[in-house]
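Heads up, start_5.csv below (CSV, C-alpha atoms and all ligand atoms):
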chain,number,residue,atom,x,y,z
X,1,MET,CA,50.6,36.7,-15.5
X,2,SER,CA,48.7,33.5,-16.1
X,3,GLU,CA,49.5,33.5,-19.8
X,4,GLN,CA,53.2,33.0,-18.9
X,5,LEU,CA,52.5,29.6,-17.4
X,6,PRO,CA,53.2,26.5,-19.4
X,7,ILE,CA,50.1,24.6,-20.6
X,8,LEU,CA,49.7,21.0,-19.4
X,9,TYR,CA,47.2,18.7,-21.2
X,10,SER,CA,46.2,16.1,-18.7
X,11,PHE,CA,43.7,13.4,-17.8
X,12,ARG,CA,42.9,12.9,-14.2
X,13,ARG,CA,43.0,9.1,-14.1
X,14,CYS,CA,46.1,8.7,-16.2
X,15,PRO,CA,49.1,7.5,-14.1
X,16,TYR,CA,51.5,9.2,-16.6
X,17,ALA,CA,49.7,12.5,-16.1
X,18,MET,CA,49.7,12.1,-12.3
X,19,ARG,CA,53.5,11.7,-12.2
X,20,ALA,CA,53.9,14.8,-14.4
X,21,LEU,CA,51.5,16.9,-12.3
X,22,ILE,CA,53.1,15.8,-9.0
X,23,ALA,CA,56.5,17.0,-10.0
X,24,GLY,CA,55.7,20.5,-8.9
X,25,LEU,CA,55.3,22.8,-12.0
X,26,SER,CA,52.8,25.6,-12.0
X,27,VAL,CA,50.7,25.2,-15.1
X,28,GLN,CA,47.5,26.0,-16.9
X,29,LEU,CA,45.9,22.6,-16.6
X,30,ARG,CA,43.7,21.5,-19.5
X,31,GLU,CA,41.7,18.5,-18.6
X,32,VAL,CA,41.3,16.3,-21.6
X,33,VAL,CA,38.8,13.5,-22.5
X,34,LEU,CA,40.9,11.0,-24.4
X,35,ARG,CA,38.2,10.1,-27.0
X,36,GLU,CA,37.8,13.8,-27.8
X,37,LYS,CA,41.4,15.0,-27.9
X,38,PRO,CA,41.6,18.7,-28.5
X,39,ALA,CA,43.1,19.8,-31.9
X,40,GLN,CA,45.5,22.1,-30.0
X,41,MET,CA,47.0,19.2,-28.1
X,42,VAL,CA,47.4,17.0,-31.2
X,43,GLU,CA,49.0,20.0,-33.0
X,44,ALA,CA,51.5,20.3,-30.2
X,45,SER,CA,52.2,16.6,-30.1
X,46,ALA,CA,51.0,14.2,-32.8
X,47,LYS,CA,51.5,11.3,-30.5
X,48,GLY,CA,48.1,12.0,-29.0
X,49,THR,CA,49.0,10.9,-25.5
X,50,VAL,CA,48.8,12.8,-22.2
X,51,PRO,CA,50.6,14.5,-20.6
X,52,VAL,CA,51.7,17.2,-23.0
X,53,LEU,CA,53.5,20.2,-21.7
X,54,VAL,CA,53.7,23.3,-23.9
X,55,LEU,CA,56.1,25.9,-22.7
X,56,PRO,CA,55.6,29.6,-23.2
X,57,ASP,CA,58.4,29.6,-25.8
X,58,GLY,CA,56.7,26.9,-27.8
X,59,ARG,CA,58.8,24.0,-26.8
X,60,VAL,CA,56.8,20.8,-26.2
X,61,ILE,CA,57.5,17.9,-23.8
X,62,ASP,CA,55.3,14.9,-24.4
X,63,GLU,CA,56.9,12.2,-22.3
X,64,SER,CA,55.8,12.1,-18.7
X,65,ILE,CA,59.2,11.3,-17.3
X,66,ASP,CA,60.7,14.2,-19.3
X,67,VAL,CA,58.1,16.5,-17.8
X,68,MET,CA,59.2,15.3,-14.4
X,69,ARG,CA,62.8,15.8,-15.1
X,70,PHE,CA,62.2,19.3,-16.6
X,71,ALA,CA,60.2,20.3,-13.5
X,72,LEU,CA,62.8,19.0,-11.1
X,73,ALA,CA,65.7,20.6,-13.0
X,74,MET,CA,64.0,23.9,-12.1
X,75,SER,CA,63.1,23.1,-8.5
X,76,ASP,CA,63.9,20.0,-6.6
X,77,PRO,CA,63.4,20.9,-2.9
X,78,GLU,CA,63.4,17.3,-1.6
X,79,GLY,CA,66.3,16.1,-3.8
X,80,TRP,CA,64.2,13.7,-5.9
X,81,LEU,CA,67.0,13.6,-8.5
X,82,SER,CA,69.7,13.0,-6.0
X,83,PRO,CA,69.8,9.1,-5.7
X,84,ASP,CA,71.7,7.0,-8.2
X,85,LYS,CA,70.5,8.0,-11.6
X,86,ASP,CA,71.1,4.7,-13.5
X,87,GLU,CA,69.3,2.7,-10.8
X,88,MET,CA,66.3,5.0,-10.9
X,89,ARG,CA,66.3,4.9,-14.7
X,90,ALA,CA,66.3,1.1,-14.7
X,91,LEU,CA,63.5,0.9,-12.1
X,92,ILE,CA,61.3,3.3,-14.1
X,93,ALA,CA,62.1,1.6,-17.4
X,94,ASP,CA,60.9,-1.7,-15.9
X,95,ASN,CA,57.7,0.0,-14.8
X,96,ASP,CA,57.0,1.8,-18.0
X,97,GLY,CA,58.0,-1.3,-20.1
X,98,PRO,CA,57.2,-4.8,-18.8
X,99,PHE,CA,55.1,-3.9,-15.8
X,100,LYS,CA,52.8,-1.6,-17.7
X,101,HIS,CA,52.6,-4.2,-20.4
X,102,HIS,CA,51.3,-6.8,-17.9
X,103,LEU,CA,49.2,-4.3,-16.0
X,104,ASP,CA,47.3,-3.4,-19.2
X,105,ARG,CA,46.8,-7.1,-20.2
X,106,TYR,CA,45.6,-8.0,-16.7
X,107,LYS,CA,43.3,-5.0,-16.2
X,108,TYR,CA,42.0,-4.7,-19.8
X,109,ALA,CA,42.3,-8.3,-20.9
X,110,SER,CA,39.3,-8.2,-23.2
X,111,ARG,CA,41.0,-5.5,-25.3
X,112,TYR,CA,43.7,-8.0,-26.3
X,113,GLU,CA,43.4,-11.2,-28.3
X,114,ASP,CA,44.3,-14.5,-26.7
X,115,THR,CA,45.2,-13.0,-23.4
X,116,ASP,CA,45.0,-14.8,-20.0
X,117,PRO,CA,44.9,-12.1,-17.4
X,118,GLU,CA,46.2,-14.5,-14.7
X,119,GLU,CA,49.4,-15.0,-16.6
X,120,HIS,CA,49.9,-11.2,-16.7
X,121,ARG,CA,49.1,-10.8,-13.0
X,122,VAL,CA,51.8,-13.4,-12.1
X,123,GLU,CA,54.3,-11.6,-14.3
X,124,ALA,CA,53.3,-8.1,-12.9
X,125,GLU,CA,53.7,-9.5,-9.4
X,126,LYS,CA,57.4,-10.4,-10.1
X,127,TYR,CA,58.1,-6.7,-10.6
X,128,LEU,CA,56.2,-5.9,-7.4
X,129,SER,CA,58.2,-8.5,-5.5
X,130,ALA,CA,61.4,-6.8,-6.6
X,131,LEU,CA,60.0,-3.5,-5.4
X,132,ASP,CA,58.9,-5.2,-2.1
X,133,ILE,CA,62.4,-6.4,-1.4
X,134,ARG,CA,63.6,-2.9,-1.6
X,135,LEU,CA,60.8,-1.6,0.5
X,136,MET,CA,61.4,-4.2,3.2
X,137,ALA,CA,64.9,-2.7,3.6
X,138,ASN,CA,64.1,1.0,3.2
X,139,LYS,CA,61.1,3.3,3.6
X,140,HIS,CA,61.2,4.3,-0.1
X,141,LEU,CA,62.6,2.7,-3.3
X,142,MET,CA,65.9,4.5,-3.2
X,143,GLY,CA,66.4,5.0,0.5
X,144,GLU,CA,64.7,6.7,3.5
X,145,THR,CA,63.3,9.6,1.5
X,146,ARG,CA,61.1,9.8,-1.5
X,147,SER,CA,62.7,10.2,-4.9
X,148,LEU,CA,61.9,10.5,-8.6
X,149,ALA,CA,61.6,6.7,-8.7
X,150,ASP,CA,58.8,6.5,-6.0
X,151,ILE,CA,56.8,9.3,-7.6
X,152,ALA,CA,57.1,8.0,-11.1
X,153,ILE,CA,56.2,4.4,-10.2
X,154,PHE,CA,53.5,4.5,-7.4
X,155,PRO,CA,50.6,5.7,-9.6
X,156,PHE,CA,51.0,2.5,-11.7
X,157,VAL,CA,51.3,0.2,-8.7
X,158,ARG,CA,48.2,1.9,-7.3
X,159,GLN,CA,46.4,1.1,-10.5
X,160,PHE,CA,47.4,-2.5,-10.5
X,161,VAL,CA,46.7,-3.1,-6.8
X,162,ASN,CA,43.2,-1.5,-7.2
X,163,ALA,CA,42.5,-3.8,-10.1
X,164,ALA,CA,44.0,-6.9,-8.5
X,165,LYS,CA,43.0,-6.6,-4.9
X,166,ASP,CA,40.7,-9.6,-4.9
X,167,ASP,CA,43.3,-11.7,-6.7
X,168,MET,CA,46.6,-10.8,-5.1
X,169,GLN,CA,47.7,-11.7,-1.6
X,170,MET,CA,48.8,-8.3,-0.2
X,171,SER,CA,50.3,-10.1,2.8
X,172,ARG,CA,53.1,-11.2,0.5
X,173,PHE,CA,53.9,-7.6,-0.2
X,174,SER,CA,54.0,-5.9,3.2
X,175,GLY,CA,56.8,-3.4,2.3
X,176,LEU,CA,55.0,-2.5,-0.9
X,177,ASP,CA,51.7,-2.3,0.9
X,178,ARG,CA,53.0,0.2,3.5
X,179,TRP,CA,54.8,2.3,0.8
X,180,LEU,CA,51.8,2.4,-1.5
X,181,LYS,CA,49.4,3.4,1.3
X,182,GLY,CA,51.8,6.1,2.4
X,183,HIS,CA,51.9,7.6,-1.0
X,184,VAL,CA,48.2,7.4,-1.7
X,185,ALA,CA,47.5,9.0,1.7
X,186,SER,CA,50.1,11.8,1.1
X,187,PRO,CA,49.1,15.5,0.8
X,188,LEU,CA,51.1,15.4,-2.4
X,189,PHE,CA,48.9,12.8,-4.0
X,190,ALA,CA,45.8,14.6,-2.8
X,191,SER,CA,47.0,17.8,-4.4
X,192,VAL,CA,46.9,16.2,-7.9
X,193,MET,CA,43.6,14.4,-7.5
X,194,GLY,CA,41.3,17.4,-7.9
X,195,LYS,CA,38.5,17.1,-10.4
X,196,TYR,CA,38.5,19.6,-13.3
X,197,PRO,CA,35.9,20.1,-16.0
X,198,GLN,CA,36.8,19.1,-19.5
X,199,TRP,CA,38.9,22.0,-21.1
X,200,GLN,CA,37.1,23.9,-23.8
X,201,SER,CA,38.9,25.5,-26.7
X,202,GLY,CA,39.2,29.2,-26.1
X,203,GLU,CA,39.6,28.9,-22.3
X,204,PRO,CA,43.0,29.3,-20.7
X,205,GLY,CA,42.7,26.2,-18.5
X,206,THR,CA,42.7,26.0,-14.7
X,207,SER,CA,45.7,27.5,-12.8
X,208,PHE,CA,47.4,24.6,-11.1
X,209,PRO,CA,48.2,24.4,-8.2
X,210,GLU,CA,45.0,26.4,-7.4
X,301,LIG,N1,55.1,7.3,-22.8
X,301,LIG,C1,54.0,8.2,-22.6
X,301,LIG,C2,52.7,7.4,-22.4
X,301,LIG,C3,51.5,8.3,-22.1
X,301,LIG,C4,50.2,7.5,-22.3
X,301,LIG,O1,50.2,6.5,-22.9
X,301,LIG,N2,49.1,8.1,-21.8
X,301,LIG,C5,47.8,7.5,-22.1
X,301,LIG,C6,46.7,7.8,-21.0
X,301,LIG,S1,47.2,7.1,-19.5
X,301,LIG,C7,47.2,8.1,-23.3
X,301,LIG,O2,47.2,9.3,-23.5
X,301,LIG,N3,46.7,7.3,-24.2
X,301,LIG,C8,46.1,7.7,-25.5
X,301,LIG,C9,44.7,7.3,-25.7
X,301,LIG,O3,44.2,6.5,-24.8
X,301,LIG,O4,44.1,7.7,-26.7
X,301,LIG,C10,54.3,9.1,-21.4
X,301,LIG,O5,55.1,8.7,-20.5
X,301,LIG,O6,53.9,10.3,-21.4

Structure re-expressed in structure tokens:
Amino acid sequence: MSEQLPILYSFRRCPYAMRALIAGLSVQLREVVLREKPAQMVEASAKGTVPVLVLPDGRVIDESIDVMRFALAMSDPEGWLSPDKDEMRALIADNDGPFKHHLDRYKYASRYEDTDPEEHRVEAEKYLSALDIRLMANKHLMGETRSLADIAIFPFVRQFVNAAKDDMQMSRFSGLDRWLKGHVASPLFASVMGKYPQWQSGEPGTSFPE
């Protein structure tokens, strides 16, 4: 039966891949090394980014948020798609756009010319402050239960906070701090942090979840 599962090309440390994996699909997971992208992945999606989902009928989904929406359209037991769609879309767009822009330029400043990481930390923290205001009022970004927005965003916030922990004053972000710690400690997050060997052509991949 395993050949009926979709194939997911993934990279363990990638926040986009995390959000796709966490959305609940059963897949054949193919762990990729980004500097050695498999030809099959690039044939499926010439963009050359992970995650890439290849469905048994040949359809390809190569945007992480679309993988999440596809998975949740099939099964959404906690109602992650239930909160206001436009509000969630806007929060995620701010994460994937400006916040990711500043995250990369803070964390990987030497890869960019004329970049002052501090300026980008300050800008990134403006987005985190907006999240914190929500999280002081509610347990999660869209209310008392977790939603698409929380799951799509927290892997990026985790990456920023891990990089910035000596530079940022977490006490200014107590709602965000509680929320992030909760997601990072959740069984759901643990379930996508398994280590898989690099996929080799000719192998099916690892059945996920195991
Ligand atoms: N918009 C894409 C972005 C995915 C993305 O940029 N993934 C990174 C890894 S975190 C990647 O594959 N980069 C290509 C590379 O580093 O060669 C999505 O949401 O799926």

Enumerate as a list of chain:residue names the residues within 8 Å of ligand LIG 301 (chain X), counting only C-alpha atoms and all ligand atoms. X:Phe11, X:Arg13, X:Cys14, X:Pro15, X:Tyr16, X:Ala17, X:Leu34, X:Arg35, X:Lys37, X:Gly48, X:Thr49, X:Val50, X:Pro51, X:Val52, X:Asp62, X:Glu63, X:Ser64, X:Ile65, X:Asp66, X:Asp96

Only C-alpha atoms, please: the residues just picked out, written as a PDB file, keeping the file's coordinate frame.
ATOM      1  CA  PHE X  11      43.700  13.400 -17.800  1.00  0.00           C
ATOM      2  CA  ARG X  13      43.000   9.100 -14.100  1.00  0.00           C
ATOM      3  CA  CYS X  14      46.100   8.700 -16.200  1.00  0.00           C
ATOM      4  CA  PRO X  15      49.100   7.500 -14.100  1.00  0.00           C
ATOM      5  CA  TYR X  16      51.500   9.200 -16.600  1.00  0.00           C
ATOM      6  CA  ALA X  17      49.700  12.500 -16.100  1.00  0.00           C
ATOM      7  CA  LEU X  34      40.900  11.000 -24.400  1.00  0.00           C
ATOM      8  CA  ARG X  35      38.200  10.100 -27.000  1.00  0.00           C
ATOM      9  CA  LYS X  37      41.400  15.000 -27.900  1.00  0.00           C
ATOM     10  CA  GLY X  48      48.100  12.000 -29.000  1.00  0.00           C
ATOM     11  CA  THR X  49      49.000  10.900 -25.500  1.00  0.00           C
ATOM     12  CA  VAL X  50      48.800  12.800 -22.200  1.00  0.00           C
ATOM     13  CA  PRO X  51      50.600  14.500 -20.600  1.00  0.00           C
ATOM     14  CA  VAL X  52      51.700  17.200 -23.000  1.00  0.00           C
ATOM     15  CA  ASP X  62      55.300  14.900 -24.400  1.00  0.00           C
ATOM     16  CA  GLU X  63      56.900  12.200 -22.300  1.00  0.00           C
ATOM     17  CA  SER X  64      55.800  12.100 -18.700  1.00  0.00           C
ATOM     18  CA  ILE X  65      59.200  11.300 -17.300  1.00  0.00           C
ATOM     19  CA  ASP X  66      60.700  14.200 -19.300  1.00  0.00           C
ATOM     20  CA  ASP X  96      57.000   1.800 -18.000  1.00  0.00           C
TER      21      ASP X  96
END

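Proximity of X:Phe70, X:Trp199, X:Trp179, X:Tyr112 to X:Gln40, computed with only C-alpha atoms, is greatest for X:Trp199.
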
Residues near X:Ser207, anyone? I mean within 7 Å using all atoms listed in the file, not counting same-chain ones fewer than 4 positions away, as a VMD selection string. chain X and resid 27 to 29

Would you be able to write out as an MDAnalysis selection string which residues have an atom within 12 Å of (62.1, 4.6, -4.3) in the file's coordinates, counting all atoms listed in the file? chainID X and resid 80:85 87:92 130:154 175:176 179:180 183

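Here atom CA of X:Lys126 is placed at a distance of 13.7 Å from atom CA of X:Tyr106.
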
Could you name the residues that touch X:Met74 at 12 Å or less, counting all atoms listed in the file, but leaving out those on the same chain fewer than 5 positions away, as a ChimeraX atom specification? /X:23-26,67-69,79-81
